[in-house]
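Pasting structure-v1.pdb here (PDB, C-alpha atoms):
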ATOM      1  CA  MET W   1      12.566  -3.018 -23.197
ATOM      2  CA  ALA W   2       8.843  -2.894 -22.632
ATOM      3  CA  ASP W   3       9.478  -0.209 -20.047
ATOM      4  CA  GLU W   4       9.956   2.655 -22.499
ATOM      5  CA  GLY W   5       6.440   4.060 -22.181
ATOM      6  CA  LYS W   6       5.669   6.774 -19.722
ATOM      7  CA  ASN W   7       4.306   6.585 -16.191
ATOM      8  CA  LEU W   8       2.709   9.453 -14.312
ATOM      9  CA  ILE W   9       2.305   8.823 -10.576
ATOM     10  CA  GLU W  10       0.801  11.496  -8.360
ATOM     11  CA  ILE W  11      -0.152  11.546  -4.697
ATOM     12  CA  LEU W  12      -2.236  14.688  -4.411
ATOM     13  CA  GLU W  13      -2.007  16.718  -1.235
ATOM     14  CA  GLU W  14      -5.056  17.924   0.606
ATOM     15  CA  SER W  15      -7.824  19.763  -1.263
ATOM     16  CA  TYR W  16      -6.527  19.046  -4.758
ATOM     17  CA  PRO W  17      -9.357  17.310  -6.626
ATOM     18  CA  ILE W  18      -8.382  14.737  -9.247
ATOM     19  CA  ASP W  19      -8.501  16.238 -12.725
ATOM     20  CA  ILE W  20      -9.526  13.144 -14.678
ATOM     21  CA  SER W  21      -9.031  14.706 -18.116
ATOM     22  CA  LYS W  22      -5.409  15.523 -17.288
ATOM     23  CA  TYR W  23      -4.595  11.831 -16.809
ATOM     24  CA  ILE W  24      -6.569  10.679 -19.824
ATOM     25  CA  ASN W  25      -4.773  13.268 -21.948
ATOM     26  CA  TYR W  26      -1.464  12.109 -20.510
ATOM     27  CA  VAL W  27      -1.921   8.514 -21.655
ATOM     28  CA  HIS W  28      -3.537   9.413 -24.976
ATOM     29  CA  ALA W  29      -1.352   8.492 -27.947
ATOM     30  CA  PRO W  30      -2.095   8.249 -31.678
ATOM     31  CA  GLN W  31      -0.810   4.663 -31.889
ATOM     32  CA  CYS W  32      -3.118   3.480 -29.093
ATOM     33  CA  GLY W  33      -6.546   2.133 -29.878
ATOM     34  CA  ALA W  34      -7.563   1.903 -26.235
ATOM     35  CA  ILE W  35      -7.546   3.930 -23.054
ATOM     36  CA  SER W  36      -8.899   2.101 -20.019
ATOM     37  CA  THR W  37      -9.644   3.983 -16.843
ATOM     38  CA  PHE W  38     -10.715   3.210 -13.304
ATOM     39  CA  SER W  39     -12.199   5.823 -11.042
ATOM     40  CA  GLY W  40     -12.644   5.087  -7.336
ATOM     41  CA  THR W  41     -15.313   7.276  -5.796
ATOM     42  CA  THR W  42     -16.196   7.777  -2.149
ATOM     43  CA  ARG W  43     -19.544   6.238  -1.153
ATOM     44  CA  ASP W  44     -22.153   7.854   1.035
ATOM     45  CA  MET W  45     -23.122   4.748   3.006
ATOM     46  CA  PHE W  46     -21.306   1.921   4.780
ATOM     47  CA  GLU W  47     -23.329  -0.851   6.414
ATOM     48  CA  GLY W  48     -26.287   1.450   6.738
ATOM     49  CA  LYS W  49     -24.317   4.283   8.334
ATOM     50  CA  THR W  50     -24.199   7.662   6.653
ATOM     51  CA  VAL W  51     -20.631   8.625   5.741
ATOM     52  CA  LEU W  52     -19.928  12.323   6.144
ATOM     53  CA  GLU W  53     -16.385  12.343   4.828
ATOM     54  CA  LEU W  54     -13.361  10.171   4.119
ATOM     55  CA  ARG W  55      -9.894  11.189   5.203
ATOM     56  CA  TYR W  56      -6.869   9.751   3.432
ATOM     57  CA  GLU W  57      -3.248   9.694   4.466
ATOM     58  CA  ALA W  58      -0.188   7.993   3.015
ATOM     59  CA  TYR W  59       3.408   7.067   3.689
ATOM     60  CA  VAL W  60       4.111   9.168   0.617
ATOM     61  CA  PRO W  61       7.653   8.185  -0.422
ATOM     62  CA  MET W  62       6.914   4.491   0.054
ATOM     63  CA  ALA W  63       3.543   4.809  -1.703
ATOM     64  CA  ILE W  64       5.287   6.304  -4.734
ATOM     65  CA  ARG W  65       7.897   3.538  -4.732
ATOM     66  CA  CYS W  66       5.160   0.914  -4.540
ATOM     67  CA  LEU W  67       3.185   2.534  -7.345
ATOM     68  CA  LYS W  68       6.294   2.597  -9.563
ATOM     69  CA  SER W  69       6.896  -1.058  -8.818
ATOM     70  CA  ILE W  70       3.281  -1.966  -9.619
ATOM     71  CA  CYS W  71       3.521  -0.065 -12.938
ATOM     72  CA  SER W  72       6.673  -2.037 -13.813
ATOM     73  CA  SER W  73       4.902  -5.291 -13.001
ATOM     74  CA  ALA W  74       1.975  -4.316 -15.217
ATOM     75  CA  ARG W  75       4.365  -3.491 -18.060
ATOM     76  CA  SER W  76       6.033  -6.865 -17.723
ATOM     77  CA  SER W  77       2.667  -8.612 -18.075
ATOM     78  CA  TRP W  78       0.931  -6.564 -20.756
ATOM     79  CA  ILE W  79       1.916  -4.415 -23.726
ATOM     80  CA  LEU W  80       1.160  -0.908 -22.513
ATOM     81  CA  ASN W  81       1.925   2.547 -23.769
ATOM     82  CA  SER W  82       1.366   4.920 -20.839
ATOM     83  CA  ILE W  83       0.088   4.605 -17.283
ATOM     84  CA  ALA W  84      -1.236   7.391 -15.063
ATOM     85  CA  VAL W  85      -2.163   6.851 -11.420
ATOM     86  CA  ALA W  86      -3.420   9.552  -9.054
ATOM     87  CA  HIS W  87      -4.497   9.205  -5.421
ATOM     88  CA  ARG W  88      -5.910  11.976  -3.293
ATOM     89  CA  LEU W  89      -5.001  12.660   0.342
ATOM     90  CA  GLY W  90      -6.757  14.564   3.085
ATOM     91  CA  PRO W  91     -10.517  14.876   3.369
ATOM     92  CA  VAL W  92     -12.411  13.718   0.289
ATOM     93  CA  PRO W  93     -16.112  14.623   0.288
ATOM     94  CA  VAL W  94     -18.614  11.908  -0.540
ATOM     95  CA  GLY W  95     -19.090  11.419  -4.274
ATOM     96  CA  GLU W  96     -15.640  12.657  -5.306
ATOM     97  CA  THR W  97     -12.857  10.641  -6.911
ATOM     98  CA  SER W  98     -10.205   9.387  -4.498
ATOM     99  CA  VAL W  99      -8.187   7.300  -6.941
ATOM    100  CA  PHE W 100      -7.900   7.397 -10.720
ATOM    101  CA  ILE W 101      -6.043   5.134 -13.152
ATOM    102  CA  ALA W 102      -5.656   5.557 -16.907
ATOM    103  CA  VAL W 103      -3.807   3.074 -19.125
ATOM    104  CA  SER W 104      -3.283   3.209 -22.879
ATOM    105  CA  SER W 105      -2.426   0.344 -25.195
ATOM    106  CA  VAL W 106      -2.597  -0.532 -28.871
ATOM    107  CA  HIS W 107      -5.311  -3.132 -28.213
ATOM    108  CA  ARG W 108      -7.948  -2.935 -25.493
ATOM    109  CA  ALA W 109      -7.336  -6.283 -23.788
ATOM    110  CA  ASP W 110      -3.953  -5.137 -22.476
ATOM    111  CA  SER W 111      -5.116  -1.867 -20.949
ATOM    112  CA  LEU W 112      -8.342  -3.350 -19.547
ATOM    113  CA  ASP W 113      -6.544  -6.194 -17.775
ATOM    114  CA  ALA W 114      -3.721  -3.924 -16.617
ATOM    115  CA  CYS W 115      -6.199  -1.418 -15.223
ATOM    116  CA  LYS W 116      -7.815  -4.093 -13.048
ATOM    117  CA  PHE W 117      -4.417  -5.390 -11.953
ATOM    118  CA  LEU W 118      -3.309  -1.870 -10.985
ATOM    119  CA  ILE W 119      -6.285  -1.092  -8.745
ATOM    120  CA  ASP W 120      -6.175  -4.552  -7.131
ATOM    121  CA  GLU W 121      -2.461  -4.126  -6.353
ATOM    122  CA  ILE W 122      -2.960  -0.592  -5.064
ATOM    123  CA  LYS W 123      -5.612  -1.879  -2.666
ATOM    124  CA  ALA W 124      -3.369  -4.725  -1.510
ATOM    125  CA  THR W 125       0.062  -3.140  -1.161
ATOM    126  CA  VAL W 126       0.313   0.667  -1.360
ATOM    127  CA  PRO W 127       0.583   2.288   2.095
ATOM    128  CA  ILE W 128      -2.421   4.593   1.963
ATOM    129  CA  TRP W 129      -5.102   4.694   4.638
ATOM    130  CA  LYS W 130      -8.620   6.049   4.865
ATOM    131  CA  LYS W 131     -10.760   6.845   7.825
ATOM    132  CA  GLU W 132     -14.523   6.930   7.414
ATOM    133  CA  VAL W 133     -16.188   9.642   9.432
ATOM    134  CA  TYR W 134     -19.827   9.082  10.431
ATOM    135  CA  SER W 135     -22.145  11.348  12.355
ATOM    136  CA  ASN W 136     -21.584   9.176  15.441
ATOM    137  CA  GLY W 137     -17.957   8.157  15.111
ATOM    138  CA  GLU W 138     -15.130   7.219  12.797
ATOM    139  CA  VAL W 139     -13.270   4.080  11.751
ATOM    140  CA  TRP W 140     -10.043   3.189   9.947
ATOM    141  CA  LYS W 141     -10.954   1.041   6.975
ATOM    142  CA  GLU W 142      -9.090  -2.194   6.105
ATOM    143  CA  ASN W 143      -8.829  -3.516   2.541
ATOM    144  CA  SER W 144      -9.549  -7.236   2.284
ATOM    145  CA  GLU W 145      -6.918  -7.352  -0.507
ATOM    146  CA  PHE W 146      -4.285  -6.295   2.041
ATOM    147  CA  LEU W 147      -5.396  -8.762   4.711
ATOM    148  CA  GLU W 148      -5.181 -11.612   2.176
ATOM    149  CA  ARG W 149      -1.653 -10.627   1.119
ATOM    150  CA  ARG W 150      -0.342  -9.459   4.481
ATOM    151  CA  LEU W 151       1.800 -12.480   5.292
ATOM    152  CA  GLU W 152       3.403 -12.499   1.837
ATOM    153  CA  LEU W 153       4.426  -8.845   1.824
ATOM    154  CA  GLY W 154       7.705  -9.088   3.725
ATOM    155  CA  LYS W 155       8.603 -12.459   2.219
ATOM    156  CA  ASP W 156       8.155 -11.325  -1.370
ATOM    157  CA  VAL W 157      10.948  -8.805  -0.997
ATOM    158  CA  GLN W 158      13.384 -11.457   0.149
ATOM    159  CA  GLU W 159      12.388 -14.075  -2.380
ATOM    160  CA  ASN W 160      11.557 -11.995  -5.444
ATOM    161  CA  GLY W 161      12.959  -8.582  -4.614
ATOM    162  CA  ARG W 162       9.523  -7.106  -4.980
ATOM    163  CA  ALA W 163       6.541  -6.852  -2.639
ATOM    164  CA  CYS W 164       4.405  -4.315  -4.432
ATOM    165  CA  GLY W 165       3.036  -5.726  -7.647
ATOM    166  CA  GLY W 166       4.209  -9.190  -6.701
ATOM    167  CA  SER W 167       0.959 -10.938  -7.525
ATOM    168  CA  LYS W 168       1.202 -10.535 -11.288
ATOM    169  CA  VAL W 169       1.664 -14.221 -11.976
ATOM    170  CA  LYS W 170      -1.574 -15.086 -10.220
ATOM    171  CA  VAL W 171      -3.516 -12.412 -12.063
ATOM    172  CA  GLU W 172      -2.143 -13.481 -15.429
ATOM    173  CA  ALA W 173      -3.051 -17.084 -14.838
ATOM    174  CA  ARG W 174      -6.565 -16.103 -13.881
ATOM    175  CA  ASP W 175      -7.081 -13.695 -16.735
ATOM    176  CA  ARG W 176      -5.823 -16.053 -19.396
ATOM    177  CA  LYS W 177      -8.744 -18.386 -18.878
ATOM    178  CA  GLY W 178     -10.927 -16.186 -21.024
ATOM    179  CA  CYS W 179     -14.569 -16.819 -21.749
ATOM    180  CA  CYS W 180     -15.831 -20.269 -20.786
ATOM    181  CA  GLY W 181     -12.427 -20.993 -19.264
ATOM    182  CA  ARG W 182     -14.025 -21.556 -15.897
ATOM    183  CA  LYS W 183     -16.352 -24.306 -17.004
ATOM    184  CA  GLU W 184     -14.239 -26.927 -15.321
ATOM    185  CA  LYS W 185     -14.657 -25.058 -12.045
ATOM    186  CA  VAL W 186     -18.406 -25.005 -11.768
ATOM    187  CA  ASP W 187     -18.111 -25.253  -8.011
ATOM    188  CA  GLU W 188     -16.838 -21.672  -7.943
ATOM    189  CA  GLY W 189     -20.439 -20.581  -8.238
ATOM    190  CA  ALA W 190     -22.886 -19.477 -10.837
ATOM    191  CA  VAL W 191     -21.469 -15.965 -10.984
ATOM    192  CA  ASP W 192     -18.360 -17.211 -12.756
ATOM    193  CA  SER W 193     -20.043 -19.592 -15.127
ATOM    194  CA  CYS W 194     -20.344 -18.714 -18.775
ATOM    195  CA  THR W 195     -23.658 -18.326 -20.535
ATOM    196  CA  HIS W 196     -22.388 -19.586 -23.883
ATOM    197  CA  LYS W 197     -23.559 -23.015 -24.930
ATOM    198  CA  GLU W 198     -20.390 -24.439 -26.525
TER
ATOM    199  CA  MET P 199      29.588   8.626  12.357
ATOM    200  CA  ASP P 200      31.587   9.080  15.579
ATOM    201  CA  ALA P 201      29.255  11.765  16.852
ATOM    202  CA  ILE P 202      26.201   9.575  16.271
ATOM    203  CA  GLY P 203      27.864   6.653  18.015
ATOM    204  CA  THR P 204      28.613   8.758  21.084
ATOM    205  CA  GLU P 205      25.067  10.042  21.197
ATOM    206  CA  ASN P 206      23.673   6.542  21.040
ATOM    207  CA  THR P 207      25.833   5.399  23.912
ATOM    208  CA  SER P 208      24.624   8.194  26.159
ATOM    209  CA  LYS P 209      20.960   7.650  25.215
ATOM    210  CA  ASN P 210      21.291   3.971  25.937
ATOM    211  CA  VAL P 211      21.651   4.636  29.655
ATOM    212  CA  ASP P 212      17.886   4.447  30.114
ATOM    213  CA  SER P 213      17.539   1.437  27.836
ATOM    214  CA  THR P 214      16.696  -1.875  29.439
ATOM    215  CA  HIS P 215      19.081  -3.864  27.248
ATOM    216  CA  GLU P 216      21.834  -5.560  29.165
ATOM    217  CA  GLY P 217      25.296  -5.490  27.613
ATOM    218  CA  ASN P 218      25.949  -4.186  24.107
ATOM    219  CA  GLU P 219      25.779  -0.575  25.304
ATOM    220  CA  ASN P 220      28.642   0.298  23.039
ATOM    221  CA  THR P 221      27.061  -1.276  19.992
ATOM    222  CA  SER P 222      23.533   0.015  20.018
ATOM    223  CA  VAL P 223      21.785   1.396  16.958
ATOM    224  CA  GLU P 224      19.309   4.232  16.735
ATOM    225  CA  ILE P 225      16.427   3.969  14.294
ATOM    226  CA  LYS P 226      13.477   6.175  13.497
ATOM    227  CA  VAL P 227      10.026   4.643  13.937
ATOM    228  CA  LEU P 228       7.058   5.956  11.946
ATOM    229  CA  PHE P 229       3.437   5.438  12.999
ATOM    230  CA  PHE P 230       0.582   5.732  10.529
ATOM    231  CA  ALA P 231      -3.206   5.697  10.771
ATOM    232  CA  ARG P 232      -4.380   3.558  13.693
ATOM    233  CA  ALA P 233      -0.811   3.042  14.917
ATOM    234  CA  ARG P 234      -0.488   6.814  15.234
ATOM    235  CA  ASP P 235      -3.840   7.076  17.000
ATOM    236  CA  VAL P 236      -2.927   4.464  19.619
ATOM    237  CA  THR P 237       0.574   5.822  20.292
ATOM    238  CA  GLY P 238      -0.251   9.486  19.909
ATOM    239  CA  LEU P 239       2.959   9.919  17.903
ATOM    240  CA  THR P 240       3.802  10.285  14.222
ATOM    241  CA  ASP P 241       7.415   9.213  14.772
ATOM    242  CA  MET P 242      10.009   8.618  17.468
ATOM    243  CA  PRO P 243      13.646   7.601  17.803
ATOM    244  CA  LEU P 244      14.299   4.119  19.173
ATOM    245  CA  VAL P 245      17.589   2.810  20.480
ATOM    246  CA  VAL P 246      18.076  -0.947  20.390
ATOM    247  CA  ALA P 247      21.010  -3.297  20.739
ATOM    248  CA  SER P 248      23.087  -3.835  17.661
ATOM    249  CA  GLY P 249      21.904  -6.928  15.818
ATOM    250  CA  SER P 250      18.274  -6.421  16.867
ATOM    251  CA  THR P 251      15.608  -7.566  14.456
ATOM    252  CA  ALA P 252      12.511  -5.649  13.453
ATOM    253  CA  GLU P 253      10.601  -8.038  15.711
ATOM    254  CA  ASN P 254      12.813  -7.039  18.657
ATOM    255  CA  CYS P 255      12.001  -3.393  17.883
ATOM    256  CA  LEU P 256       8.317  -4.207  17.770
ATOM    257  CA  TYR P 257       8.450  -5.849  21.214
ATOM    258  CA  GLU P 258      10.263  -2.808  22.529
ATOM    259  CA  LEU P 259       7.567  -0.571  21.071
ATOM    260  CA  MET P 260       4.764  -2.717  22.460
ATOM    261  CA  SER P 261       6.264  -2.474  25.922
ATOM    262  CA  LYS P 262       6.291   1.317  25.588
ATOM    263  CA  PHE P 263       2.821   1.407  24.009
ATOM    264  CA  PRO P 264       0.802  -1.636  25.155
ATOM    265  CA  SER P 265      -2.117  -0.453  23.007
ATOM    266  CA  LEU P 266      -0.043  -1.319  19.895
ATOM    267  CA  LYS P 267      -0.791  -4.980  20.701
ATOM    268  CA  GLU P 268      -4.351  -4.345  19.504
ATOM    269  CA  ILE P 269      -3.097  -4.130  15.939
ATOM    270  CA  SER P 270      -0.002  -6.333  16.161
ATOM    271  CA  ASN P 271      -1.647  -9.318  14.467
ATOM    272  CA  CYS P 272      -2.867  -7.424  11.419
ATOM    273  CA  MET P 273      -0.068  -4.976  10.661
ATOM    274  CA  VAL P 274       3.101  -5.253   8.615
ATOM    275  CA  LEU P 275       6.494  -3.574   8.865
ATOM    276  CA  ALA P 276       8.471  -1.587   6.356
ATOM    277  CA  LEU P 277      12.148  -0.757   6.639
ATOM    278  CA  ASN P 278      13.436   2.154   4.571
ATOM    279  CA  GLU P 279      10.250   2.151   2.472
ATOM    280  CA  GLU P 280      10.268  -1.587   1.687
ATOM    281  CA  TYR P 281       8.091  -4.274   3.246
ATOM    282  CA  ILE P 282      10.204  -6.635   5.352
ATOM    283  CA  SER P 283       9.777  -9.750   7.428
ATOM    284  CA  GLU P 284      10.143  -9.380  11.180
ATOM    285  CA  SER P 285      13.456 -11.242  11.170
ATOM    286  CA  THR P 286      15.225  -8.436   9.277
ATOM    287  CA  ILE P 287      18.065  -6.871  11.278
ATOM    288  CA  VAL P 288      17.868  -3.113  11.721
ATOM    289  CA  LYS P 289      20.851  -0.842  11.193
ATOM    290  CA  ASN P 290      21.747   2.556  12.546
ATOM    291  CA  GLY P 291      19.719   5.293  10.854
ATOM    292  CA  ASP P 292      17.070   2.927   9.468
ATOM    293  CA  GLU P 293      13.476   4.060   9.186
ATOM    294  CA  LEU P 294      11.029   1.472  10.527
ATOM    295  CA  ALA P 295       7.371   2.061   9.659
ATOM    296  CA  ILE P 296       4.444   0.439  11.420
ATOM    297  CA  ILE P 297       1.916  -0.247   8.661
ATOM    298  CA  PRO P 298      -1.576  -0.994   9.987
ATOM    299  CA  PRO P 299      -4.046  -2.529   7.518
ATOM    300  CA  ILE P 300      -4.015  -0.314   4.454
ATOM    301  CA  SER P 301      -7.187   1.059   2.951
ATOM    302  CA  GLY P 302      -6.271   3.056  -0.113
ATOM    303  CA  GLY P 303      -8.441   3.272  -3.159
TER
END

What does the file become when written as C-alpha cells?
Amino acid sequence: MADEGKNLIEILEESYPIDISKYINYVHAPQCGAISTFSGTTRDMFEGKTVLELRYEAYVPMAIRCLKSICSSARSSWILNSIAVAHRLGPVPVGETSVFIAVSSVHRADSLDACKFLIDEIKATVPIWKKEVYSNGEVWKENSEFLERRLELGKDVQENGRACGGSKVKVEARDRKGCCGRKEKVDEGAVDSCTHKE
Amino acid sequence: MDAIGTENTSKNVDSTHEGNENTSVEIKVLFFARARDVTGLTDMPLVVASGSTAENCLYELMSKFPSLKEISNCMVLALNEEYISESTIVKNGDELAIIPPISGG
C-alpha cells in the first residue's frame, strides 16, 4: 500500500506557535530528495483595513478526521513519504504562521503538487474558522474554496464515501497538463499561457 | 437505552410535533463561528420526531433562532463529524453540527 508513510496532524491549542523546524524534521528522510512546504501567514491588511489580530477556532475532532482523509487522498494521487500538517487555534498575531504543511517525496514533483493539493483541500473542506479583528470591528472570513465546493460536500460522502479530499481527480487532471499544456485554452487568459515558443 | 427513551418522551411535551411522541429522538446540535454568534450557544439538545431529516432539524432550529436564516444559504451540515446532505435522517444520540462558511488556512 502507498499508505505506509507517516502522517503527523496537529491542531494546536491557543498560544502554541507553530514550530516549523519540527515538521520539516518529521518529514525528512534519507531516501527523499525533496521536502515541499507551505506556510500560511496572517496578513496585516484586508481591503485597506488594518488587521489587529486573527482568531481561529475549529471543530477539532472533525477537522482531524478531514485532515487524515485529505492526507490519504494525497497519498493515492502522488508517491509521498511523510506528510505533516499543523494548524493553530486561538488568537494569531499578524505576521505569524497559522497553517504549515511539509511533504517529503523521492522526487520533487510529487511533494510540490501534493503540497498545493493539501492547502487547497484544507481551505475548502476542513472545519476551521477565522475571525479578522480590525480597530473598528470584526468579521468571520469565508474561503472561496469552500463556497465553490459547498454543494458537493454532503453529496460526496454518499456517492464516494469521502467529502474531505474529494477533489483529487480534478486536481490531477489539471496538474497533468504540464508546461504548454494550456495552449489549447488560450481563452483562459494570458496568465496561464506558456512563454515557450514550441 | 430505556432511560434515554423515557427522558425523551417527557421532554417532548413542549415540542410542537404532533404524534410520534413515543418515537422521538434527541440529538446534540453544535454551533460554530457565526452560527454560535447568532444563537449565543455553543451547543444544545434538540428533540425531534423519529425519522426526521437534518433539514427538519434545521427548520426547527431556525424557528427557535430566526437569525440562523441569515447564514442558511451558505452553510453546510455535518452529522457525527461527517458532511451530510440535508435529507439524511438523524438518529438518537447523533451530533449535528452547523458549519458556517469555513475560513481555515

How close does each residue of segment 28-73 of chain W get to segment 290-302 of chain P, giving the shortest atom pair and distance in Å to one decimal for every residue with an atom at most 10 Å away, counting only C-alpha atoms, sorted by chain and residue number, as a Markdown table?
| residue | atom | partner | partner_atom | distance |
| --- | --- | --- | --- | --- |
| W:Gly40 | CA | P:Gly302 | CA | 9.8 |
| W:Tyr56 | CA | P:Gly302 | CA | 7.6 |
| W:Glu57 | CA | P:Gly302 | CA | 8.6 |
| W:Ala58 | CA | P:Gly302 | CA | 8.4 |
| W:Tyr59 | CA | P:Ala295 | CA | 8.7 |
| W:Met62 | CA | P:Ala295 | CA | 9.9 |

Can you write just those residues out, C-alpha atoms, as a short mmCIF file (atom, residue, chain, number, x, y, z; two decimals), in the coordinates of the input?
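That gives us part.cif:
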data_model
loop_
_atom_site.label_atom_id
_atom_site.label_comp_id
_atom_site.auth_asym_id
_atom_site.auth_seq_id
_atom_site.Cartn_x
_atom_site.Cartn_y
_atom_site.Cartn_z
CA GLY W 40 -12.64 5.09 -7.34
CA TYR W 56 -6.87 9.75 3.43
CA GLU W 57 -3.25 9.69 4.47
CA ALA W 58 -0.19 7.99 3.02
CA TYR W 59 3.41 7.07 3.69
CA MET W 62 6.91 4.49 0.05
#

For the structure shown, which residues end up in the ChimeraX specification (/W :<10) & /P? Put them as a PyMOL selection string, please? chain P and resi 228-232+272-286+295+297-303

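Separating atom CA of Ala252 of chain P from atom CA of Thr221 of chain P is a distance of 16.5 Å.
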
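Residues in contact with Leu112 of chain W at 10 Å, where only C-alpha atoms are counted and same-chain residues fewer than 4 positions away are skipped, are listed as W:Ala34, W:Ile35, W:Ser36, W:Thr37, W:Phe38, W:Trp78, W:Ala102, W:Val103, W:Ser104, W:Ser105, W:His107, W:Arg108, W:Lys116, W:Phe117.
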
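Environment of (-5.6, -0.6, 15.8): residues at most 7 Å away, judged by only C-alpha atoms, are Arg232, Ala233, Val236, Leu266, Glu268 and Ile269 of chain P.
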
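Computed from the coordinates, the atom CA of Val246 of chain P to atom CA of Val223 of chain P distance equals 5.6 Å.
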
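Between atom CA of Gly238 of chain P and atom CA of Phe263 of chain P lies a distance of 9.6 Å.
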
Listed atoms of segment 250-261 of chain P boxed along x, y and z, 5 Å each side, centre and edge lengths in Å, one decimal, as lines of an AutoDock Vina configuration file:
center_x = 11.5
center_y = -4.3
center_z = 19.7
size_x = 23.5
size_y = 17.5
size_z = 22.5

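Selection check: the PyMOL selection byres ((chain W and resi 17) around 9) on the shown file gives W:Leu12, W:Glu14, W:Ser15, W:Tyr16, W:Ile18, W:Asp19, W:Arg88, W:Val92, W:Glu96, W:Thr97, W:Ser98.
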
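Each of W:Ala109, W:Asn81, W:Val51, W:Ser135 was compared to Asn7 of chain W using all atoms listed in the file, and W:Asn81 turns out to be the nearest.
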
Translate the PyMOL selection byres ((chain W and resi 71-75) around 9) into a concrete residue list for this structure, as a PyMOL selection string. chain W and resi 2-3+5+7+66-70+76-81+83+114-115+117-118+164-168

Is it possible to add N, CA and C atoms to segment 285-298 of chain P and hand it back as a short mmCIF file (atom, residue, chain, number, x, y, z; two decimals), in the frame of the given file?
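Below is the file part_38.cif, written as the result:
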data_model
loop_
_atom_site.label_atom_id
_atom_site.label_comp_id
_atom_site.auth_asym_id
_atom_site.auth_seq_id
_atom_site.Cartn_x
_atom_site.Cartn_y
_atom_site.Cartn_z
N SER P 285 12.11 -10.77 10.82
CA SER P 285 13.46 -11.24 11.17
C SER P 285 14.57 -10.36 10.60
N THR P 286 14.22 -9.33 9.86
CA THR P 286 15.22 -8.44 9.28
C THR P 286 15.95 -7.67 10.38
N ILE P 287 17.27 -7.58 10.27
CA ILE P 287 18.07 -6.87 11.28
C ILE P 287 18.11 -5.38 10.95
N VAL P 288 17.87 -4.56 11.96
CA VAL P 288 17.87 -3.11 11.72
C VAL P 288 19.28 -2.55 11.89
N LYS P 289 19.55 -1.48 11.14
CA LYS P 289 20.85 -0.84 11.19
C LYS P 289 20.69 0.62 11.63
N ASN P 290 21.79 1.18 12.08
CA ASN P 290 21.75 2.56 12.55
C ASN P 290 21.21 3.47 11.45
N GLY P 291 20.27 4.34 11.82
CA GLY P 291 19.72 5.29 10.85
C GLY P 291 18.56 4.75 10.04
N ASP P 292 18.20 3.50 10.23
CA ASP P 292 17.07 2.93 9.47
C ASP P 292 15.75 3.59 9.87
N GLU P 293 14.82 3.52 8.94
CA GLU P 293 13.48 4.06 9.19
C GLU P 293 12.50 2.89 9.20
N LEU P 294 11.95 2.60 10.37
CA LEU P 294 11.03 1.47 10.53
C LEU P 294 9.60 2.01 10.60
N ALA P 295 8.75 1.57 9.68
CA ALA P 295 7.37 2.06 9.66
C ALA P 295 6.42 0.97 10.11
N ILE P 296 5.52 1.34 10.99
CA ILE P 296 4.44 0.44 11.42
C ILE P 296 3.28 0.68 10.45
N ILE P 297 2.94 -0.36 9.70
CA ILE P 297 1.92 -0.25 8.66
C ILE P 297 0.66 -1.01 9.11
N PRO P 298 -0.30 -0.31 9.67
CA PRO P 298 -1.58 -0.99 9.99
C PRO P 298 -2.30 -1.35 8.69
#
